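K.L.:
Provided below: protein.txt, containing compact mmCIF, C-alpha atoms.
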```txt
# COMPACT_ATOMS: atom_id res chain seq x y z
CA ALA A 275 -4.64 -25.57 6.88
CA SER A 276 -4.49 -22.85 4.24
CA ALA A 277 -4.93 -25.42 1.45
CA ARG A 278 -8.04 -26.81 3.18
CA THR A 279 -9.45 -23.31 3.64
CA ALA A 280 -8.86 -22.57 -0.06
CA TYR A 281 -10.51 -25.87 -1.03
CA CYS A 282 -13.54 -25.12 1.16
CA ALA A 283 -13.91 -21.62 -0.29
CA TYR A 284 -13.49 -22.75 -3.89
CA ASN A 285 -16.01 -25.59 -3.47
CA ALA A 286 -18.50 -23.67 -1.31
CA GLY A 287 -21.42 -24.21 -3.68
CA THR A 288 -24.60 -22.17 -3.61
CA PRO A 289 -25.20 -20.19 -0.42
CA PRO A 290 -27.80 -21.76 1.89
CA THR A 291 -31.07 -19.98 2.52
CA ASN A 292 -32.42 -19.01 5.92
CA GLY A 293 -33.84 -22.04 7.71
CA GLU A 294 -32.27 -24.52 5.31
CA ILE A 295 -31.70 -27.93 6.85
CA LEU A 296 -28.17 -28.89 5.87
CA ARG A 297 -28.35 -32.30 7.54
CA GLN A 298 -30.96 -34.19 9.56
CA SER A 299 -30.75 -37.66 11.10
CA GLY A 300 -33.44 -39.65 12.80
CA SER A 301 -37.13 -38.91 12.78
CA GLY A 302 -39.89 -38.14 15.20
CA TRP A 303 -42.63 -35.70 16.05
CA ALA A 304 -40.66 -33.11 17.99
CA VAL A 305 -40.32 -29.50 16.84
CA ALA A 306 -37.61 -26.97 17.70
CA ALA A 307 -37.47 -23.21 17.04
CA PHE A 308 -34.31 -21.22 16.40
CA GLU A 309 -33.38 -17.54 16.17
CA ASN A 310 -30.18 -15.84 15.02
CA ARG A 311 -29.91 -12.56 16.91
CA GLY A 312 -26.52 -11.79 15.36
CA THR A 313 -25.31 -9.93 12.29
CA GLN A 314 -23.50 -12.90 10.74
CA PRO A 315 -24.84 -16.17 9.35
CA VAL A 316 -25.01 -19.05 11.83
CA ALA A 317 -24.92 -22.83 11.51
CA VAL A 318 -26.53 -24.64 14.45
CA LYS A 319 -25.95 -28.31 15.23
CA LEU A 320 -28.05 -30.28 17.68
CA ARG A 321 -26.11 -33.21 19.13
CA ASP A 322 -27.69 -36.13 20.98
CA ALA A 323 -26.39 -37.58 24.26
CA ALA A 324 -23.79 -39.65 22.38
CA GLY A 325 -22.52 -36.55 20.54
CA ALA A 326 -23.96 -37.49 17.14
CA THR A 327 -25.28 -34.64 15.01
CA MET A 328 -29.05 -34.95 14.61
CA LEU A 329 -29.58 -31.60 12.88
CA THR A 330 -27.51 -28.96 11.12
CA LEU A 331 -29.46 -25.79 10.35
CA PHE A 332 -28.44 -22.57 8.59
CA LEU A 333 -29.76 -19.22 9.82
CA ALA A 334 -29.21 -15.94 8.00
CA PRO A 335 -28.46 -12.81 10.06
CA GLY A 336 -31.59 -12.03 12.06
CA GLY A 337 -33.19 -15.22 10.75
CA ARG A 338 -35.71 -17.50 12.43
CA ALA A 339 -36.71 -21.08 11.66
CA GLU A 340 -38.75 -23.93 13.03
CA VAL A 341 -37.78 -27.54 12.35
CA GLY A 342 -40.02 -30.56 12.82
CA GLY A 343 -39.49 -34.28 12.48
CA LEU A 344 -36.90 -34.49 15.25
CA PRO A 345 -36.65 -37.40 17.68
CA GLU A 346 -37.74 -36.57 21.24
CA GLY A 347 -34.83 -36.18 23.62
CA ASN A 348 -32.21 -33.89 25.02
CA TYR A 349 -29.71 -32.10 22.80
CA ARG A 350 -26.52 -30.11 23.23
CA PRO A 351 -26.41 -27.25 20.71
CA ASP A 352 -23.23 -26.23 18.95
CA PHE A 353 -23.13 -23.20 16.69
CA ALA A 354 -20.68 -21.42 14.42
CA VAL A 355 -20.67 -17.94 12.97
CA GLY A 356 -18.69 -16.95 9.92
CA GLU A 357 -18.87 -16.14 6.25
CA LEU A 358 -19.13 -18.26 3.10
CA TRP A 359 -20.71 -21.56 4.16
CA SER A 360 -18.94 -24.40 2.35
CA ARG A 361 -21.24 -27.26 1.41
CA ALA A 362 -18.18 -29.34 0.51
CA CYS A 363 -16.64 -29.00 3.97
CA GLY A 364 -19.66 -28.47 6.25
CA ARG A 365 -18.17 -25.31 7.74
CA PHE A 366 -17.69 -21.61 7.13
CA ALA A 367 -14.71 -21.01 4.86
CA ALA A 368 -13.95 -17.57 6.29
CA GLY A 369 -13.84 -16.16 9.81
CA MET A 370 -15.43 -19.14 11.54
CA ARG A 371 -15.86 -19.15 15.31
CA ALA A 372 -17.53 -22.21 16.83
CA GLN A 373 -19.04 -22.49 20.30
CA ARG A 374 -20.86 -25.09 22.39
CA MET A 375 -23.81 -24.20 24.61
CA ASP A 376 -23.18 -24.76 28.31
CA ARG A 377 -25.96 -27.26 28.88
CA VAL A 378 -28.22 -29.90 27.40
CA TYR A 379 -31.71 -28.79 26.36
CA ALA A 380 -34.97 -30.67 26.04
CA LEU A 381 -36.51 -29.75 22.70
CA ASP A 382 -39.55 -28.18 24.32
CA ALA A 383 -37.23 -25.89 26.33
CA MET A 384 -35.85 -24.39 23.10
CA ALA A 385 -38.59 -21.89 22.56
CA PRO A 386 -36.70 -20.56 20.64
CA LEU A 387 -33.02 -21.46 20.96
CA THR A 388 -31.34 -18.08 20.47
CA VAL A 389 -27.83 -17.88 19.06
CA PRO A 390 -25.48 -16.34 19.82
CA PRO A 391 -26.64 -16.51 23.43
CA ASP A 392 -27.17 -13.34 25.45
CA PRO A 393 -23.79 -12.58 27.12
CA THR A 394 -25.49 -10.75 30.01
CA ALA A 395 -27.20 -13.99 31.06
CA GLY A 396 -23.88 -15.48 32.18
CA PRO A 397 -21.52 -17.96 30.55
CA ALA A 398 -23.82 -19.72 28.11
CA ALA A 399 -21.29 -20.93 25.53
CA ALA A 400 -17.67 -22.01 25.39
CA ASP A 401 -15.32 -21.93 22.42
CA LEU A 402 -15.12 -25.10 20.36
CA THR A 403 -12.44 -26.08 17.89
CA ASP A 404 -13.39 -26.04 14.23
CA ALA A 405 -12.61 -29.77 14.01
CA LEU A 406 -15.02 -30.61 16.84
CA PHE A 407 -17.75 -28.50 15.24
CA GLU A 408 -17.30 -30.22 11.87
CA LYS A 409 -17.49 -33.70 13.40
CA ASP A 410 -20.79 -35.45 12.80
```
The structure in this file should be written as structure tokens.

P.N.:
Amino acid sequence: ASARTAYCAYNAGTPPTNGEILRQSGSGWAVAAFENRGTQPVAVKLRDAAGATMLTLFLAPGGRAEVGGLPEGNYRPDFAVGELWSRACGRFAAGMRAQRMDRVYALDAMAPLTVPPDPTAGPAAADLTDALFEKD
């Protein structure tokens, strides 16, 4: 595990910019908005009903972004906070904590999808292993 972490950190590449699409699959006319209300960078993944990653988006602390070209449908958001995004590994190389939102969202209901979710609104996210977050 420590060797993999070192590899990810060493091969991190250039830091992503706010709103950068790190991966997108499929195409369509749908649009989704996102907001990072935290103080750490966030990577958000939208997974379809089968669990496949349709979008991976990077948000800087306090960042906002809107992404178009998504297929219509329902998505389960996963997100991870951390430091030093590794392009080679598709994860944060330092201090990563991944979580899965508690429900499936229609794209038009994400207006915007705010991460991390508001803890006063009830249990909105559950911890997710790093391996499950990395899976595409």

K.L.:
Could you check how far CA of Asp352 (chain A) sits from CA of Ser276 (chain A), in Å to one decimal?

P.N.:
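So the two atoms, CA of Asp352 (chain A) and CA of Ser276 (chain A), lie 24.1 Å apart.
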
K.L.:
Taking (-23.2, -33.3, 16.8) in the file's coordinates as the center, which residues reach within 8 Å of it, counting all atoms listed in the file, put as an mmCIF file with C-alpha atoms, in the coordinates of the input?

P.N.:
```cif
data_model
loop_
_atom_site.group_PDB
_atom_site.id
_atom_site.type_symbol
_atom_site.label_atom_id
_atom_site.label_comp_id
_atom_site.auth_asym_id
_atom_site.auth_seq_id
_atom_site.Cartn_x
_atom_site.Cartn_y
_atom_site.Cartn_z
ATOM 1 C CA LYS A 319 -25.950 -28.310 15.230
ATOM 2 C CA LEU A 320 -28.050 -30.280 17.680
ATOM 3 C CA ARG A 321 -26.110 -33.210 19.130
ATOM 4 C CA ASP A 322 -27.690 -36.130 20.980
ATOM 5 C CA GLY A 325 -22.520 -36.550 20.540
ATOM 6 C CA ALA A 326 -23.960 -37.490 17.140
ATOM 7 C CA THR A 327 -25.280 -34.640 15.010
ATOM 8 C CA MET A 328 -29.050 -34.950 14.610
ATOM 9 C CA LEU A 329 -29.580 -31.600 12.880
ATOM 10 C CA ARG A 350 -26.520 -30.110 23.230
ATOM 11 C CA PRO A 351 -26.410 -27.250 20.710
ATOM 12 C CA ASP A 352 -23.230 -26.230 18.950
ATOM 13 C CA PHE A 407 -17.750 -28.500 15.240
ATOM 14 C CA LYS A 409 -17.490 -33.700 13.400
ATOM 15 C CA ASP A 410 -20.790 -35.450 12.800
#
```

K.L.:
Tell me which protein, DNA and RNA residues are within 9 Å of Trp359 (chain A), counting all atoms listed in the file, leaving out same-chain ones fewer than 4 positions away, and put them as a list in words.

P.N.:
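These residues fall inside the cut-off: Cys282, Ala283, Ala286, Gly287, Thr288, Pro289, Pro290, Pro315, Ala317, Phe332, Cys363, Gly364, Arg365, Phe366, Ala367 and Ala368 of chain A.
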
K.L.:
Here is a test: counting all atoms listed in the file, which residue of A:Ala362, A:Val389, A:Ala323, A:Leu381 is nearest to Pro335 (chain A)?

P.N.:
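For Pro335 (chain A), the nearest of the candidates is A:Val389.
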
K.L.:
Mind listing whatever residues come within 8 Å of the point (-35.2, -41.2, 12.2)? Use all atoms listed in the file, file coordinates, and give them as a PyMOL selection string.

P.N.:
chain A and resi 299-302+344-345

K.L.:
Which residue, A:Ala334, A:Val318, A:Thr394, A:Ala339, has the smallest gap to Met375 (chain A) when you use all atoms listed in the file?

P.N.:
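Among the listed residues, A:Val318 lies closest to Met375 (chain A).
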
K.L.:
Give me, please, the distance in Å between CA of Gly336 (chain A) and CA of Ala304 (chain A), quoted to one decimal.

P.N.:
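CA of Gly336 (chain A) sits 23.7 Å away from CA of Ala304 (chain A).
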
K.L.:
At what distance in Å, to one decimal, does CA of Ala399 (chain A) lie from CA of Gly337 (chain A)?

P.N.:
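The value is 19.8 Å.
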
K.L.:
Given all atoms listed in the file as the basis, pick out the residue of A:Ala324, A:Leu333, A:Val316, A:Ala380 nearest to Glu346 (chain A).

P.N.:
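Distance minimum relative to Glu346 (chain A) lands on A:Ala380.
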
K.L.:
Once you've located region 280-307 of chain A in the structure I gave, write it as a PDB file, in the first residue's frame, keeping N, CA and C atoms.

P.N.:
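Done, and the output landed in result_3.pdb:
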```
ATOM      1  N   ALA A 280       3.235   5.947  -2.854  1.00  0.00           N
ATOM      2  CA  ALA A 280       4.425   6.648  -3.340  1.00  0.00           C
ATOM      3  C   ALA A 280       4.398   6.774  -4.860  1.00  0.00           C
ATOM      4  N   TYR A 281       3.996   5.705  -5.547  1.00  0.00           N
ATOM      5  CA  TYR A 281       3.892   5.733  -7.005  1.00  0.00           C
ATOM      6  C   TYR A 281       2.885   6.801  -7.444  1.00  0.00           C
ATOM      7  N   CYS A 282       1.718   6.818  -6.797  1.00  0.00           N
ATOM      8  CA  CYS A 282       0.676   7.782  -7.156  1.00  0.00           C
ATOM      9  C   CYS A 282       1.146   9.213  -6.936  1.00  0.00           C
ATOM     10  N   ALA A 283       1.850   9.458  -5.836  1.00  0.00           N
ATOM     11  CA  ALA A 283       2.343  10.799  -5.546  1.00  0.00           C
ATOM     12  C   ALA A 283       3.427  11.215  -6.545  1.00  0.00           C
ATOM     13  N   TYR A 284       4.338  10.314  -6.836  1.00  0.00           N
ATOM     14  CA  TYR A 284       5.446  10.618  -7.741  1.00  0.00           C
ATOM     15  C   TYR A 284       4.945  10.871  -9.163  1.00  0.00           C
ATOM     16  N   ASN A 285       3.907  10.174  -9.564  1.00  0.00           N
ATOM     17  CA  ASN A 285       3.370  10.273 -10.928  1.00  0.00           C
ATOM     18  C   ASN A 285       2.070  11.073 -10.982  1.00  0.00           C
ATOM     19  N   ALA A 286       1.892  12.001 -10.061  1.00  0.00           N
ATOM     20  CA  ALA A 286       0.645  12.759  -9.971  1.00  0.00           C
ATOM     21  C   ALA A 286       0.360  13.576 -11.229  1.00  0.00           C
ATOM     22  N   GLY A 287       1.376  14.110 -11.858  1.00  0.00           N
ATOM     23  CA  GLY A 287       1.172  14.957 -13.030  1.00  0.00           C
ATOM     24  C   GLY A 287       0.758  16.362 -12.625  1.00  0.00           C
ATOM     25  N   THR A 288       0.327  17.136 -13.606  1.00  0.00           N
ATOM     26  CA  THR A 288      -0.074  18.516 -13.322  1.00  0.00           C
ATOM     27  C   THR A 288      -1.390  18.534 -12.546  1.00  0.00           C
ATOM     28  N   PRO A 289      -1.513  19.437 -11.590  1.00  0.00           N
ATOM     29  CA  PRO A 289      -2.760  19.502 -10.817  1.00  0.00           C
ATOM     30  C   PRO A 289      -3.939  19.881 -11.716  1.00  0.00           C
ATOM     31  N   PRO A 290      -5.094  19.242 -11.519  1.00  0.00           N
ATOM     32  CA  PRO A 290      -6.270  19.622 -12.309  1.00  0.00           C
ATOM     33  C   PRO A 290      -6.765  21.010 -11.926  1.00  0.00           C
ATOM     34  N   THR A 291      -7.489  21.614 -12.830  1.00  0.00           N
ATOM     35  CA  THR A 291      -8.088  22.924 -12.570  1.00  0.00           C
ATOM     36  C   THR A 291      -9.542  22.738 -12.146  1.00  0.00           C
ATOM     37  N   ASN A 292     -10.097  23.756 -11.527  1.00  0.00           N
ATOM     38  CA  ASN A 292     -11.489  23.682 -11.098  1.00  0.00           C
ATOM     39  C   ASN A 292     -12.394  23.416 -12.302  1.00  0.00           C
ATOM     40  N   GLY A 293     -13.287  22.448 -12.147  1.00  0.00           N
ATOM     41  CA  GLY A 293     -14.232  22.114 -13.203  1.00  0.00           C
ATOM     42  C   GLY A 293     -13.668  21.225 -14.296  1.00  0.00           C
ATOM     43  N   GLU A 294     -12.442  20.779 -14.137  1.00  0.00           N
ATOM     44  CA  GLU A 294     -11.840  19.927 -15.166  1.00  0.00           C
ATOM     45  C   GLU A 294     -12.509  18.555 -15.186  1.00  0.00           C
ATOM     46  N   ILE A 295     -12.905  18.136 -16.369  1.00  0.00           N
ATOM     47  CA  ILE A 295     -13.472  16.805 -16.552  1.00  0.00           C
ATOM     48  C   ILE A 295     -12.305  15.838 -16.684  1.00  0.00           C
ATOM     49  N   LEU A 296     -12.186  14.940 -15.733  1.00  0.00           N
ATOM     50  CA  LEU A 296     -11.096  13.978 -15.731  1.00  0.00           C
ATOM     51  C   LEU A 296     -11.433  12.736 -16.555  1.00  0.00           C
ATOM     52  N   ARG A 297     -12.732  12.464 -16.672  1.00  0.00           N
ATOM     53  CA  ARG A 297     -13.199  11.337 -17.477  1.00  0.00           C
ATOM     54  C   ARG A 297     -14.682  11.537 -17.749  1.00  0.00           C
ATOM     55  N   GLN A 298     -15.102  11.254 -18.987  1.00  0.00           N
ATOM     56  CA  GLN A 298     -16.519  11.311 -19.326  1.00  0.00           C
ATOM     57  C   GLN A 298     -16.824  10.225 -20.337  1.00  0.00           C
ATOM     58  N   SER A 299     -17.893   9.467 -20.068  1.00  0.00           N
ATOM     59  CA  SER A 299     -18.336   8.399 -20.959  1.00  0.00           C
ATOM     60  C   SER A 299     -19.752   8.700 -21.408  1.00  0.00           C
ATOM     61  N   GLY A 300     -20.093   8.218 -22.559  1.00  0.00           N
ATOM     62  CA  GLY A 300     -21.440   8.433 -23.063  1.00  0.00           C
ATOM     63  C   GLY A 300     -21.625   9.859 -23.534  1.00  0.00           C
ATOM     64  N   SER A 301     -22.775  10.116 -24.126  1.00  0.00           N
ATOM     65  CA  SER A 301     -23.075  11.466 -24.581  1.00  0.00           C
ATOM     66  C   SER A 301     -24.581  11.679 -24.558  1.00  0.00           C
ATOM     67  N   GLY A 302     -24.947  12.920 -24.507  1.00  0.00           N
ATOM     68  CA  GLY A 302     -26.358  13.277 -24.468  1.00  0.00           C
ATOM     69  C   GLY A 302     -26.502  14.775 -24.339  1.00  0.00           C
ATOM     70  N   TRP A 303     -27.704  15.209 -23.973  1.00  0.00           N
ATOM     71  CA  TRP A 303     -27.998  16.628 -23.877  1.00  0.00           C
ATOM     72  C   TRP A 303     -28.168  17.109 -22.439  1.00  0.00           C
ATOM     73  N   ALA A 304     -28.021  16.224 -21.494  1.00  0.00           N
ATOM     74  CA  ALA A 304     -28.264  16.591 -20.096  1.00  0.00           C
ATOM     75  C   ALA A 304     -27.104  17.422 -19.531  1.00  0.00           C
ATOM     76  N   VAL A 305     -27.452  18.253 -18.557  1.00  0.00           N
ATOM     77  CA  VAL A 305     -26.492  19.135 -17.895  1.00  0.00           C
ATOM     78  C   VAL A 305     -26.616  18.926 -16.392  1.00  0.00           C
ATOM     79  N   ALA A 306     -25.486  18.936 -15.694  1.00  0.00           N
ATOM     80  CA  ALA A 306     -25.486  18.829 -14.235  1.00  0.00           C
ATOM     81  C   ALA A 306     -24.581  19.916 -13.659  1.00  0.00           C
ATOM     82  N   ALA A 307     -24.978  20.457 -12.506  1.00  0.00           N
ATOM     83  CA  ALA A 307     -24.196  21.489 -11.820  1.00  0.00           C
ATOM     84  C   ALA A 307     -23.659  20.914 -10.514  1.00  0.00           C
TER      85      ALA A 307
END
```
